[in-house]
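Trainee: Sharing model.csv below, CSV, C-alpha atoms and all ligand atoms:
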```csv
chain,number,residue,atom,x,y,z
A,1,MET,CA,-46.5,5.7,-25.0
A,2,VAL,CA,-45.1,2.4,-26.1
A,3,LEU,CA,-45.5,0.8,-22.7
A,4,GLN,CA,-49.0,0.3,-21.6
A,5,HIS,CA,-50.2,-1.6,-18.6
A,6,ASN,CA,-53.7,-1.8,-17.3
A,7,ILE,CA,-53.5,-2.7,-13.6
A,8,THR,CA,-57.3,-3.1,-13.4
A,9,SER,CA,-57.4,-5.8,-16.0
A,10,LEU,CA,-58.4,-9.3,-14.9
A,11,LEU,CA,-55.2,-10.7,-16.4
A,12,VAL,CA,-52.2,-9.3,-14.7
A,13,ALA,CA,-50.0,-9.0,-17.7
A,14,PHE,CA,-46.3,-8.2,-17.6
A,15,THR,CA,-46.2,-7.2,-21.2
A,16,ILE,CA,-45.3,-3.6,-20.8
A,17,GLY,CA,-42.3,-2.4,-22.5
A,18,MET,CA,-42.8,-4.6,-25.5
A,19,LEU,CA,-40.8,-2.3,-27.8
A,20,MET,CA,-38.1,-0.9,-25.7
A,21,PRO,CA,-35.6,-2.5,-23.4
A,22,CYS,CA,-35.3,-1.1,-19.9
A,23,THR,CA,-37.5,1.9,-20.8
A,24,MET,CA,-40.8,3.3,-20.1
A,25,GLY,CA,-41.4,4.1,-23.7
A,26,SER,CA,-39.6,5.9,-26.5
A,27,SER,CA,-42.2,8.6,-26.7
A,28,SER,CA,-42.2,9.7,-23.1
A,29,SER,CA,-42.9,13.3,-22.5
A,30,GLN,CA,-39.4,13.5,-21.2
A,31,GLY,CA,-37.0,14.5,-24.0
A,32,THR,CA,-38.9,13.9,-27.2
A,33,GLU,CA,-38.5,17.4,-28.5
A,34,ALA,CA,-36.3,17.7,-31.5
A,35,VAL,CA,-33.0,19.5,-30.8
A,36,ASN,CA,-30.7,20.8,-33.5
A,37,ASP,CA,-29.7,18.3,-36.2
A,38,PHE,CA,-30.4,15.2,-34.0
A,39,SER,CA,-34.1,15.4,-34.4
A,40,GLY,CA,-34.5,12.8,-37.1
A,41,LEU,CA,-32.2,10.3,-35.5
A,42,HIS,CA,-33.2,7.2,-33.6
A,43,TRP,CA,-31.0,6.2,-30.7
A,44,GLY,CA,-28.6,3.3,-31.0
A,45,TYR,CA,-25.4,1.9,-29.6
A,46,ALA,CA,-23.0,2.4,-32.6
A,47,MET,CA,-20.2,4.8,-31.8
A,48,ARG,CA,-19.6,6.1,-35.3
A,49,ASP,CA,-22.8,5.4,-37.1
A,50,THR,CA,-24.2,8.4,-39.0
A,51,ASP,CA,-27.8,7.3,-39.0
A,52,GLU,CA,-28.1,6.5,-35.3
A,53,LEU,CA,-27.7,8.7,-32.2
A,54,PRO,CA,-24.7,7.3,-30.4
A,55,PRO,CA,-24.9,6.8,-26.6
A,56,ALA,CA,-22.7,9.9,-25.9
A,57,LEU,CA,-25.3,12.1,-27.6
A,58,TRP,CA,-28.5,10.5,-26.2
A,59,GLY,CA,-28.7,13.5,-23.9
A,60,LYS,CA,-29.3,15.8,-26.9
A,61,LEU,CA,-32.7,14.3,-27.5
A,62,TYR,CA,-33.4,12.8,-24.0
A,63,PRO,CA,-32.1,15.3,-21.4
A,64,ALA,CA,-32.2,12.8,-18.5
A,65,CYS,CA,-29.5,10.7,-20.3
A,66,ALA,CA,-27.1,13.5,-19.4
A,67,GLY,CA,-28.1,13.4,-15.7
A,68,LYS,CA,-26.0,12.5,-12.6
A,69,ARG,CA,-27.9,9.4,-11.6
A,70,GLN,CA,-27.3,7.3,-14.7
A,71,SER,CA,-26.8,3.6,-15.2
A,72,PRO,CA,-24.9,1.3,-15.8
A,73,ILE,CA,-21.9,1.7,-13.5
A,74,ALA,CA,-18.8,-0.1,-12.5
A,75,ILE,CA,-19.0,-1.9,-9.2
A,76,ASN,CA,-16.0,-2.7,-7.0
A,77,SER,CA,-17.0,-5.5,-4.5
A,78,ARG,CA,-14.0,-4.8,-2.3
A,79,GLU,CA,-14.8,-1.1,-1.8
A,80,PRO,CA,-15.3,-1.0,2.1
A,81,ARG,CA,-17.4,2.1,2.0
A,82,GLN,CA,-20.3,0.3,0.3
A,83,LEU,CA,-20.5,-2.3,3.0
A,84,ASP,CA,-24.0,-2.1,4.5
A,85,LEU,CA,-24.8,-4.6,7.2
A,86,LEU,CA,-28.3,-3.3,7.4
A,87,LEU,CA,-29.1,-4.1,3.8
A,88,ARG,CA,-32.0,-6.6,3.9
A,89,PRO,CA,-32.2,-9.6,1.6
A,90,LEU,CA,-34.3,-9.3,-1.6
A,91,GLU,CA,-37.4,-11.5,-1.5
A,92,LEU,CA,-38.7,-13.0,-4.7
A,93,LEU,CA,-42.4,-13.9,-4.6
A,94,PHE,CA,-44.0,-16.4,-7.0
A,95,TYR,CA,-40.9,-16.5,-9.1
A,96,ASP,CA,-41.6,-20.2,-9.7
A,97,GLN,CA,-44.9,-19.5,-11.3
A,98,MET,CA,-45.6,-20.3,-15.0
A,99,PRO,CA,-47.6,-17.8,-17.1
A,100,ILE,CA,-51.0,-19.0,-18.4
A,101,ALA,CA,-50.7,-22.2,-20.4
A,102,GLY,CA,-46.9,-22.0,-20.0
A,103,ASN,CA,-46.8,-19.4,-22.8
A,104,TRP,CA,-44.1,-16.8,-23.0
A,105,THR,CA,-44.0,-14.0,-25.5
A,106,LEU,CA,-40.7,-13.0,-27.0
A,107,ILE,CA,-39.9,-10.0,-29.3
A,108,ASP,CA,-36.8,-8.7,-31.0
A,109,ASN,CA,-37.4,-5.0,-30.8
A,110,GLY,CA,-34.2,-4.1,-32.6
A,111,HIS,CA,-32.4,-3.2,-29.4
A,112,SER,CA,-32.9,-6.4,-27.4
A,113,VAL,CA,-35.0,-9.5,-27.0
A,114,GLN,CA,-37.7,-8.9,-24.5
A,115,ILE,CA,-39.7,-11.6,-22.7
A,116,SER,CA,-43.1,-11.3,-21.1
A,117,GLY,CA,-46.0,-13.4,-20.0
A,118,GLN,CA,-49.5,-13.2,-18.8
A,119,PHE,CA,-50.6,-14.2,-15.3
A,120,GLY,CA,-54.1,-14.6,-14.0
A,121,LYS,CA,-55.0,-13.9,-10.5
A,122,ARG,CA,-54.0,-17.5,-9.9
A,123,PRO,CA,-51.1,-18.0,-10.3
A,124,PRO,CA,-50.4,-14.4,-9.1
A,125,SER,CA,-47.9,-12.2,-10.9
A,126,LEU,CA,-44.2,-12.3,-10.0
A,127,ARG,CA,-43.1,-9.8,-7.4
A,128,ILE,CA,-40.1,-8.6,-5.4
A,129,ARG,CA,-40.0,-6.8,-2.0
A,130,ARG,CA,-37.8,-6.1,1.0
A,131,GLY,CA,-34.2,-5.5,0.2
A,132,ASN,CA,-34.8,-1.9,1.5
A,133,LEU,CA,-37.3,-1.4,-1.3
A,134,ARG,CA,-40.1,-0.1,1.1
A,135,THR,CA,-42.9,-1.6,-1.0
A,136,THR,CA,-43.7,-4.5,-3.4
A,137,TYR,CA,-42.8,-4.3,-7.1
A,138,VAL,CA,-44.4,-6.4,-9.9
A,139,LEU,CA,-42.4,-7.9,-12.7
A,140,THR,CA,-43.3,-6.3,-16.0
A,141,GLN,CA,-40.7,-7.8,-18.4
A,142,LEU,CA,-37.2,-9.1,-18.7
A,143,HIS,CA,-34.7,-8.5,-21.5
A,144,PHE,CA,-31.0,-9.1,-22.3
A,145,HIS,CA,-27.9,-7.1,-23.2
A,146,TRP,CA,-25.1,-9.0,-24.9
A,147,GLY,CA,-22.0,-8.6,-27.0
A,148,ARG,CA,-20.5,-9.9,-30.3
A,149,SER,CA,-17.6,-11.3,-28.4
A,150,ASP,CA,-17.3,-12.9,-25.0
A,151,ALA,CA,-15.4,-10.0,-23.5
A,152,MET,CA,-18.3,-7.6,-23.8
A,153,GLY,CA,-22.1,-7.5,-23.5
A,154,SER,CA,-23.0,-7.0,-19.8
A,155,GLU,CA,-24.0,-3.4,-18.9
A,156,HIS,CA,-22.7,-3.6,-15.3
A,157,VAL,CA,-19.0,-4.2,-14.8
A,158,ILE,CA,-18.1,-6.0,-11.5
A,159,ASP,CA,-14.5,-5.8,-10.2
A,160,GLY,CA,-13.3,-4.7,-13.6
A,161,LYS,CA,-14.9,-7.5,-15.6
A,162,ARG,CA,-17.5,-7.2,-18.3
A,163,TYR,CA,-19.4,-10.4,-19.0
A,164,PRO,CA,-20.9,-11.7,-22.3
A,165,ILE,CA,-24.6,-11.2,-21.4
A,166,GLU,CA,-26.8,-9.7,-18.7
A,167,VAL,CA,-30.5,-10.0,-18.0
A,168,HIS,CA,-32.7,-7.3,-16.5
A,169,PHE,CA,-35.9,-8.3,-14.6
A,170,VAL,CA,-37.9,-5.0,-14.7
A,171,HIS,CA,-40.4,-4.4,-11.9
A,172,ARG,CA,-42.7,-1.5,-11.2
A,173,LYS,CA,-44.2,-0.4,-7.9
A,174,GLU,CA,-47.4,-2.4,-7.7
A,175,THR,CA,-49.6,0.6,-6.8
A,176,ILE,CA,-48.7,3.0,-9.5
A,177,THR,CA,-48.9,3.4,-13.3
A,178,ASP,CA,-46.0,3.2,-15.8
A,179,ASP,CA,-46.2,7.0,-16.2
A,180,GLU,CA,-46.1,7.6,-12.5
A,181,ALA,CA,-43.2,5.1,-12.1
A,182,SER,CA,-41.1,7.0,-14.6
A,183,LYS,CA,-41.4,10.2,-12.5
A,184,ASP,CA,-40.9,8.4,-9.1
A,185,PRO,CA,-37.2,8.2,-8.0
A,186,MET,CA,-37.9,4.6,-6.8
A,187,GLY,CA,-40.7,3.8,-9.3
A,188,LEU,CA,-38.9,0.8,-10.8
A,189,ALA,CA,-36.8,-2.0,-9.3
A,190,VAL,CA,-34.6,-3.9,-11.7
A,191,VAL,CA,-32.8,-7.1,-10.7
A,192,ALA,CA,-29.7,-7.6,-12.9
A,193,VAL,CA,-28.0,-11.0,-13.4
A,194,ILE,CA,-24.8,-11.5,-15.2
A,195,PHE,CA,-23.7,-14.6,-17.0
A,196,GLU,CA,-20.2,-16.0,-17.6
A,197,LYS,CA,-19.3,-18.3,-20.4
A,198,SER,CA,-18.8,-22.0,-19.6
A,199,SER,CA,-15.3,-23.1,-20.3
A,200,ALA,CA,-14.7,-24.9,-23.6
A,201,GLY,CA,-15.0,-28.7,-23.1
A,202,SER,CA,-16.8,-28.2,-19.8
A,203,ARG,CA,-18.8,-31.3,-18.7
A,204,GLU,CA,-21.3,-29.1,-16.9
A,205,MET,CA,-24.9,-29.4,-18.0
A,206,PRO,CA,-26.0,-26.2,-19.8
A,207,ASN,CA,-28.2,-24.0,-17.6
A,208,PRO,CA,-31.6,-25.5,-18.5
A,209,GLN,CA,-33.4,-22.2,-18.2
A,210,MET,CA,-31.0,-20.5,-20.6
A,211,GLU,CA,-31.3,-23.5,-22.8
A,212,ALA,CA,-35.1,-23.0,-22.9
A,213,LEU,CA,-34.7,-19.3,-23.5
A,214,ALA,CA,-32.1,-19.8,-26.3
A,215,ASN,CA,-34.4,-22.3,-28.0
A,216,ALA,CA,-37.2,-19.8,-27.8
A,217,VAL,CA,-35.0,-17.0,-29.1
A,218,ARG,CA,-34.1,-19.1,-32.2
A,219,LEU,CA,-37.8,-19.1,-33.2
A,220,ILE,CA,-37.8,-15.3,-33.6
A,221,LYS,CA,-37.6,-14.7,-37.4
A,222,THR,CA,-38.9,-11.1,-37.9
A,223,LEU,CA,-38.1,-7.8,-36.2
A,224,ASN,CA,-40.9,-6.5,-34.0
A,225,VAL,CA,-43.1,-9.5,-34.5
A,226,PRO,CA,-43.9,-11.2,-31.2
A,227,VAL,CA,-43.5,-15.0,-31.0
A,228,THR,CA,-45.5,-16.9,-28.4
A,229,VAL,CA,-43.6,-20.0,-27.2
A,230,ARG,CA,-44.8,-22.7,-24.9
A,231,THR,CA,-42.0,-23.4,-22.5
A,232,PRO,CA,-43.5,-24.8,-19.3
A,233,GLU,CA,-40.0,-25.8,-18.1
A,234,LEU,CA,-38.9,-22.2,-17.8
A,235,ARG,CA,-38.8,-21.0,-14.2
A,236,LEU,CA,-37.5,-17.5,-13.7
A,237,SER,CA,-36.5,-18.3,-10.2
A,238,LYS,CA,-33.7,-20.5,-11.7
A,239,LEU,CA,-32.4,-17.4,-13.6
A,240,ILE,CA,-31.5,-15.8,-10.2
A,241,PRO,CA,-28.3,-17.1,-8.6
A,242,ASP,CA,-28.6,-19.1,-5.4
A,243,ASP,CA,-26.0,-16.8,-3.8
A,244,PRO,CA,-28.2,-13.9,-2.7
A,245,ALA,CA,-25.4,-11.4,-2.3
A,246,TYR,CA,-26.2,-8.3,-4.4
A,247,PHE,CA,-25.3,-4.6,-4.9
A,248,GLN,CA,-28.0,-2.0,-4.6
A,249,TYR,CA,-27.8,1.6,-5.9
A,250,LEU,CA,-30.1,4.3,-7.3
A,251,GLY,CA,-29.8,4.7,-11.0
A,252,SER,CA,-31.7,5.1,-14.3
A,253,LEU,CA,-33.0,3.2,-17.3
A,254,THR,CA,-30.0,2.3,-19.4
A,255,THR,CA,-31.8,3.3,-22.7
A,256,PRO,CA,-33.6,6.5,-23.6
A,257,PRO,CA,-35.4,8.3,-22.1
A,258,CYS,CA,-33.0,7.3,-19.2
A,259,ALA,CA,-35.5,8.1,-16.5
A,260,GLU,CA,-33.8,8.3,-13.1
A,261,SER,CA,-36.4,6.1,-11.5
A,262,VAL,CA,-34.7,2.8,-10.9
A,263,VAL,CA,-33.5,1.0,-7.8
A,264,TRP,CA,-30.8,-1.3,-9.2
A,265,ASN,CA,-30.2,-4.7,-7.6
A,266,VAL,CA,-27.2,-6.3,-9.3
A,267,MET,CA,-26.6,-9.9,-8.2
A,268,LYS,CA,-23.0,-10.5,-7.4
A,269,THR,CA,-22.6,-14.1,-8.6
A,270,PRO,CA,-22.7,-14.9,-12.3
A,271,LEU,CA,-24.7,-17.8,-13.8
A,272,LYS,CA,-23.4,-19.9,-16.7
A,273,VAL,CA,-24.1,-19.5,-20.4
A,274,THR,CA,-22.7,-21.6,-23.3
A,275,GLU,CA,-21.3,-20.7,-26.7
A,276,GLN,CA,-24.4,-22.1,-28.4
A,277,GLN,CA,-26.8,-20.2,-26.2
A,278,LEU,CA,-24.9,-17.0,-26.9
A,279,LYS,CA,-25.1,-17.6,-30.6
A,280,ALA,CA,-28.9,-17.7,-30.4
A,281,PHE,CA,-28.9,-14.1,-29.1
A,282,ARG,CA,-26.1,-12.9,-31.5
A,283,ALA,CA,-28.2,-14.2,-34.5
A,284,LEU,CA,-30.9,-11.7,-33.9
A,285,VAL,CA,-31.2,-8.8,-36.3
A,286,SER,CA,-32.2,-5.2,-35.9
A,287,ARG,CA,-33.8,-2.6,-38.2
A,288,ASP,CA,-35.3,-4.5,-41.1
A,289,SER,CA,-34.4,-7.6,-43.1
A,290,SER,CA,-32.8,-5.5,-45.8
A,291,THR,CA,-30.0,-4.4,-43.5
A,292,ASP,CA,-29.8,-7.6,-41.5
A,293,ARG,CA,-27.7,-5.9,-38.8
A,294,GLU,CA,-27.0,-8.0,-35.8
A,295,VAL,CA,-28.4,-7.1,-32.4
A,296,ALA,CA,-25.3,-7.2,-30.3
A,297,ASP,CA,-23.1,-4.9,-28.2
A,298,ASN,CA,-26.4,-3.5,-27.0
A,299,TYR,CA,-24.9,-2.2,-23.8
A,300,ARG,CA,-24.6,1.4,-22.7
A,301,PRO,CA,-21.1,2.7,-21.8
A,302,LEU,CA,-20.4,3.0,-18.0
A,303,GLN,CA,-21.8,6.1,-16.4
A,304,SER,CA,-20.2,8.2,-13.6
A,305,LEU,CA,-21.1,7.2,-10.1
A,306,SER,CA,-21.2,11.0,-9.2
A,307,GLY,CA,-20.9,10.3,-5.4
A,308,ARG,CA,-23.8,7.8,-5.2
A,309,ALA,CA,-23.7,5.1,-2.6
A,310,ILE,CA,-23.6,1.4,-3.5
A,311,HIS,CA,-25.0,-0.8,-0.8
A,312,TYR,CA,-23.6,-4.3,-0.4
A,313,HIS,CA,-24.0,-7.1,2.2
A,314,PRO,CA,-21.7,-10.0,1.5
A,315,LYS,CA,-24.0,-12.4,3.5
A,316,ALA,CA,-27.4,-10.9,2.7
A,317,PHE,CA,-29.0,-14.3,2.7
A,318,GLY,CA,-32.1,-14.1,0.5
A,319,SER,CA,-35.0,-16.3,0.0
A,320,HIS,CA,-36.8,-17.3,-3.1
A,321,ASP,CA,-40.4,-18.2,-3.4
A,322,ARG,CA,-41.8,-20.6,-0.8
A,323,ARG,CA,-38.4,-20.9,0.7
A,324,HIS,CA,-38.7,-17.3,1.9
A,325,ASN,CA,-40.6,-18.5,4.9
A,326,PRO,CA,-37.8,-19.2,7.5
A,327,MET,CA,-40.0,-21.8,9.1
A,328,GLU,CA,-40.0,-23.8,5.9
A,329,ALA,CA,-36.2,-24.1,6.0
A,330,LEU,CA,-36.3,-24.9,9.8
A,331,SER,CA,-39.0,-27.5,9.6
A,332,ASN,CA,-37.2,-29.2,6.7
A,333,ALA,CA,-34.1,-29.4,8.9
A,334,VAL,CA,-36.1,-30.8,11.8
A,335,ARG,CA,-37.4,-33.6,9.6
A,336,GLN,CA,-33.8,-34.7,9.1
A,337,THR,CA,-33.2,-35.3,12.8
A,338,LYS,CA,-33.3,-39.1,13.5
A,339,SER,CA,-33.0,-39.7,17.2
A,340,PRO,CA,-32.9,-37.8,20.5
A,341,ASN,CA,-29.5,-36.3,21.6
A,342,PHE,CA,-28.0,-37.1,18.2
A,343,PRO,CA,-26.8,-33.8,16.7
A,344,VAL,CA,-27.3,-33.4,12.9
A,345,THR,CA,-25.4,-30.8,10.9
A,346,ILE,CA,-27.5,-29.5,8.0
A,347,LYS,CA,-26.6,-26.9,5.4
A,348,ILE,CA,-29.5,-24.4,5.3
A,349,PRO,CA,-28.1,-21.6,3.0
A,350,ASN,CA,-31.4,-19.9,2.6
A,351,LEU,CA,-32.0,-19.5,6.3
A,352,CYS,CA,-31.5,-15.9,7.6
A,353,LEU,CA,-32.2,-15.6,11.3
A,354,SER,CA,-33.4,-12.0,10.8
A,355,ASP,CA,-36.3,-13.5,8.8
A,356,LEU,CA,-37.5,-14.9,12.1
A,357,LEU,CA,-37.9,-11.4,13.5
A,358,ALA,CA,-41.1,-9.9,12.3
A,359,ASP,CA,-40.7,-6.6,10.4
A,360,ALA,CA,-42.4,-4.5,13.1
A,361,PRO,CA,-39.7,-3.8,15.7
A,362,THR,CA,-42.2,-3.2,18.6
A,363,TYR,CA,-41.6,-5.4,21.6
A,364,PHE,CA,-42.2,-5.8,25.4
A,365,ARG,CA,-39.2,-6.0,27.7
A,366,TYR,CA,-39.1,-7.4,31.2
A,367,LEU,CA,-36.6,-9.0,33.7
A,368,ARG,CA,-37.3,-12.6,34.5
A,369,LEU,CA,-36.0,-16.1,34.6
A,370,LEU,CA,-35.1,-19.0,32.3
A,371,THR,CA,-38.2,-20.9,31.4
A,372,THR,CA,-36.5,-24.3,32.2
A,373,PRO,CA,-34.6,-25.5,35.3
A,374,PRO,CA,-32.5,-24.1,36.9
A,375,CYS,CA,-34.8,-21.1,36.2
A,376,ALA,CA,-31.9,-18.7,36.9
A,377,GLU,CA,-33.1,-15.1,37.3
A,378,SER,CA,-30.7,-13.7,34.9
A,379,LEU,CA,-32.7,-12.9,31.8
A,380,VAL,CA,-33.8,-9.7,30.0
A,381,TRP,CA,-36.7,-10.8,27.9
A,382,SER,CA,-37.6,-8.9,24.7
A,383,VAL,CA,-40.9,-10.3,23.3
A,384,ARG,CA,-41.8,-9.2,19.8
A,385,MET,CA,-45.4,-8.1,19.4
A,386,LYS,CA,-45.8,-9.3,15.9
A,387,SER,CA,-45.9,-13.0,15.1
A,388,VAL,CA,-44.3,-15.0,12.3
A,389,LYS,CA,-46.5,-17.3,10.2
A,390,VAL,CA,-46.2,-21.1,10.4
A,391,THR,CA,-48.1,-23.7,8.5
A,392,GLU,CA,-49.7,-26.9,9.7
A,393,HIS,CA,-47.3,-28.9,7.6
A,394,GLN,CA,-44.3,-27.1,9.1
A,395,LEU,CA,-45.6,-27.7,12.6
A,396,TYR,CA,-46.1,-31.4,12.0
A,397,SER,CA,-42.6,-32.5,11.2
A,398,LYS,CA,-41.4,-36.1,11.2
A,399,ARG,CA,-39.6,-35.6,14.5
A,400,GLN,CA,-42.8,-34.4,16.1
A,401,GLU,CA,-44.7,-37.4,14.8
A,402,LYS,CA,-42.3,-39.7,16.6
A,403,VAL,CA,-42.5,-37.8,19.9
A,404,GLU,CA,-46.2,-37.7,19.7
A,405,TRP,CA,-46.4,-41.4,19.1
A,406,LYS,CA,-44.2,-42.2,22.2
A,407,VAL,CA,-46.3,-40.0,24.4
A,408,ARG,CA,-49.5,-41.8,23.3
A,409,ALA,CA,-48.0,-45.2,23.8
B,1,ZN,ZN,-31.8,-3.3,-19.7
```
Do you think you could lay out the structure here as structure tokens?
Mentor:
Amino acid sequence: MVLQHNITSLLVAFTIGMLMPCTMGSSSSQGTEAVNDFSGLHWGYAMRDTDELPPALWGKLYPACAGKRQSPIAINSREPRQLDLLLRPLELLFYDQMPIAGNWTLIDNGHSVQISGQFGKRPPSLRIRRGNLRTTYVLTQLHFHWGRSDAMGSEHVIDGKRYPIEVHFVHRKETITDDEASKDPMGLAVVAVIFEKSSAGSREMPNPQMEALANAVRLIKTLNVPVTVRTPELRLSKLIPDDPAYFQYLGSLTTPPCAESVVWNVMKTPLKVTEQQLKAFRALVSRDSSTDREVADNYRPLQSLSGRAIHYHPKAFGSHDRRHNPMEALSNAVRQTKSPNFPVTIKIPNLCLSDLLADAPTYFRYLRLLTTPPCAESLVWSVRMKSVKVTEHQLYSKRQEKVEWKVRA
């Protein structure tokens, strides 16, 4: 088992999967038996390489790779059948946290560059939940797929377009082991983010998070030798688009053993990457230094959807980190009001009114009146039983200070 994770350890590490991108280990019990002449081959992406098992033949050594719930897939955002207005927003927890001492570990494993960190109990490990996931998932690692040229590299194709690079944030159900996750149809949840290249001569500032990552990637000199880099400026929350719209479907790991255990969450809006940043990834080498083969075009060909549903909500307003609390967004807005009876229009893109309704749908219903004059008896009240959290700071907004002062005067 390449990937090991001790959930009882004091340090909550997300270092599993150090050697394989998007996999639960190359030596999983699933599909390691030698079959025919393929037994001595290691899997790879080359189509016509004689010493690597090409993607079309992965299933010969790893049977799950020939399954009907495989990834990646092509996504058509305009397909009306995938519209799911009940799809909840994804919620990222603690995604602004730094690992201990700001240290990230990077490794060129010959198939990708993988990034991980160690988190103590404080700060807690990074997690995702909601988004119809049913439970909470802990981040274990992130890694990239990219191409030699700008027209290829991403694994998922959206509206017919393949992008130059795609990052996968791999999460595992927080209550189970890696081995259990690989056998659970929803054991893993991966958030995929695609990047589009900034236009030549663009005056836009390079994405500082990708800049920090590219600088760290340039420090990798040797295959399979981890490099620890102190990059306190790196915040994974900034590697997730502000636009929370995403596609969700049930799929698999995109590398052997291709376990069909992944809930995929593909963010719709691309982030930016520059030519120089892409070059840092394209300079990585696979195998050993004698061959010096570039790691690139490390994306799996598209797999058949085979009747699977893709869920998409065009306005699934999400929430990242502390902003996930709707009262935070509302109290920030209240602080911007200046005087009574003077309306203020404020953009609050991360406010989703459904967040104000507690998850438990239980409520009391009764017929009564308005609670202010004229107290018309025209209301059906539905009072939710479960409360929503609010902090002291949120309650004590600037506007409330003024009102309170007037009353005391
Ligand atoms: Zn991947």
Trainee: Please check which protein, DNA or RNA residues sit within 9 Å of ligand ZN 1 (chain B), counting all atoms listed in the file, and write them as a PyMOL selection string.
Mentor: chain A and resi 21-23+112+142-145+155+166-170+190+192+253-255+299
Trainee: Within 6 Å of Asn109 in chain A, counting all atoms listed in the file, which residues qualify if same-chain residues fewer than 2 places away don't, as a ChimeraX atom specification?
Mentor: /A:19,107,111-112,224
Trainee: Just write the chosen residues, C-alpha atoms, as an mmCIF file, in the coordinates of the input.
Mentor:
```cif
data_model
loop_
_atom_site.group_PDB
_atom_site.id
_atom_site.type_symbol
_atom_site.label_atom_id
_atom_site.label_comp_id
_atom_site.auth_asym_id
_atom_site.auth_seq_id
_atom_site.Cartn_x
_atom_site.Cartn_y
_atom_site.Cartn_z
ATOM 1 C CA LEU A 19 -40.800 -2.300 -27.800
ATOM 2 C CA ILE A 107 -39.900 -10.000 -29.300
ATOM 3 C CA HIS A 111 -32.400 -3.200 -29.400
ATOM 4 C CA SER A 112 -32.900 -6.400 -27.400
ATOM 5 C CA ASN A 224 -40.900 -6.500 -34.000
#
```
Trainee: For a test of reading the model, state the distance in Å between CA of Pro55 in chain A and CA of Glu275 in chain A, rounded to one decimal.
Mentor: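 It comes out at 27.7 Å.
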Trainee: Work out how far apart CA of Leu223 in chain A and CA of Gln141 in chain A are and give it in Å to one decimal.
Mentor: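 Distance reported for this atom pair: 18.0 Å.
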Trainee: Hey, what's within 12 Å of Ser149 in chain A if we count only C-alpha atoms and toss same-chain stuff fewer than 5 positions away? As a list in words, please?
Mentor: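 Using only C-alpha atoms, the neighbours found are Ser154, Arg162, Tyr163, Pro164, Ile165, Lys197, Glu275, Leu278, Lys279, Phe281, Arg282, Ala296, Asp297 and Asn298 of chain A.
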Trainee: Distance CA of Thr228 in chain A-CA of Ala216 in chain A, one decimal place?
Mentor: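 Those two atoms sit 8.8 Å apart.
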Trainee: Enumerate, as a VMD selection string, the protein, DNA and RNA residues whose atoms approach (-17.1, -4.5, -12.4) to within 8 Å, taking into account all atoms listed in the file and the coordinate frame of the file.
Mentor: chain A and resid 73 to 77 156 to 162
Trainee: For Asn132 in chain A, work out the shell of residues within 10 Å, counting all atoms listed in the file and skipping chain neighbours fewer than 5 positions away, then give it as a count of residues only.
Mentor: 7
Trainee: Neighbours of Ile348 in chain A within 10 Å (all atoms listed in the file; same-chain residues fewer than 4 positions away dropped), as an NGL selection string?
Mentor: :A and (329-330 or 332-333 or 352)
Trainee: Excluding same-chain residues fewer than 4 positions from Pro99 in chain A, what lies within 7 Å of it counting only C-alpha atoms, as a PyMOL selection string?
Mentor: chain A and resi 103-104+117-119
Trainee: Counting all atoms listed in the file, write as an MDAnalysis selection string all protein and nucleic acid residues lying at most 12 Å from (-28.0, 16.5, -11.6) in the file's frame.
Mentor: chainID A and resid 63:70 251 260 304:308
Trainee: Keeping C-alpha atoms for every residue in the selection just given, could you write it to a file as an mmCIF file, in the frame of the given file?
Mentor:
```
data_model
loop_
_atom_site.group_PDB
_atom_site.id
_atom_site.type_symbol
_atom_site.label_atom_id
_atom_site.label_comp_id
_atom_site.auth_asym_id
_atom_site.auth_seq_id
_atom_site.Cartn_x
_atom_site.Cartn_y
_atom_site.Cartn_z
ATOM 1 C CA PRO A 63 -32.100 15.300 -21.400
ATOM 2 C CA ALA A 64 -32.200 12.800 -18.500
ATOM 3 C CA CYS A 65 -29.500 10.700 -20.300
ATOM 4 C CA ALA A 66 -27.100 13.500 -19.400
ATOM 5 C CA GLY A 67 -28.100 13.400 -15.700
ATOM 6 C CA LYS A 68 -26.000 12.500 -12.600
ATOM 7 C CA ARG A 69 -27.900 9.400 -11.600
ATOM 8 C CA GLN A 70 -27.300 7.300 -14.700
ATOM 9 C CA GLY A 251 -29.800 4.700 -11.000
ATOM 10 C CA GLU A 260 -33.800 8.300 -13.100
ATOM 11 C CA SER A 304 -20.200 8.200 -13.600
ATOM 12 C CA LEU A 305 -21.100 7.200 -10.100
ATOM 13 C CA SER A 306 -21.200 11.000 -9.200
ATOM 14 C CA GLY A 307 -20.900 10.300 -5.400
ATOM 15 C CA ARG A 308 -23.800 7.800 -5.200
#
```
Trainee: For a quick check of understanding, using all atoms listed in the file, which of A:Gln277, A:Ser387, A:Gln303, A:Asn265 has the smallest distance to Asn215 in chain A?
Mentor: A:Gln277
Trainee: May I ask which of the residues A:Glu52, A:Glu174, A:Asp108, A:Glu79 is the closest one to Ser125 in chain A, counting only C-alpha atoms?
Mentor: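 Closest residue, counting only C-alpha atoms: A:Glu174.
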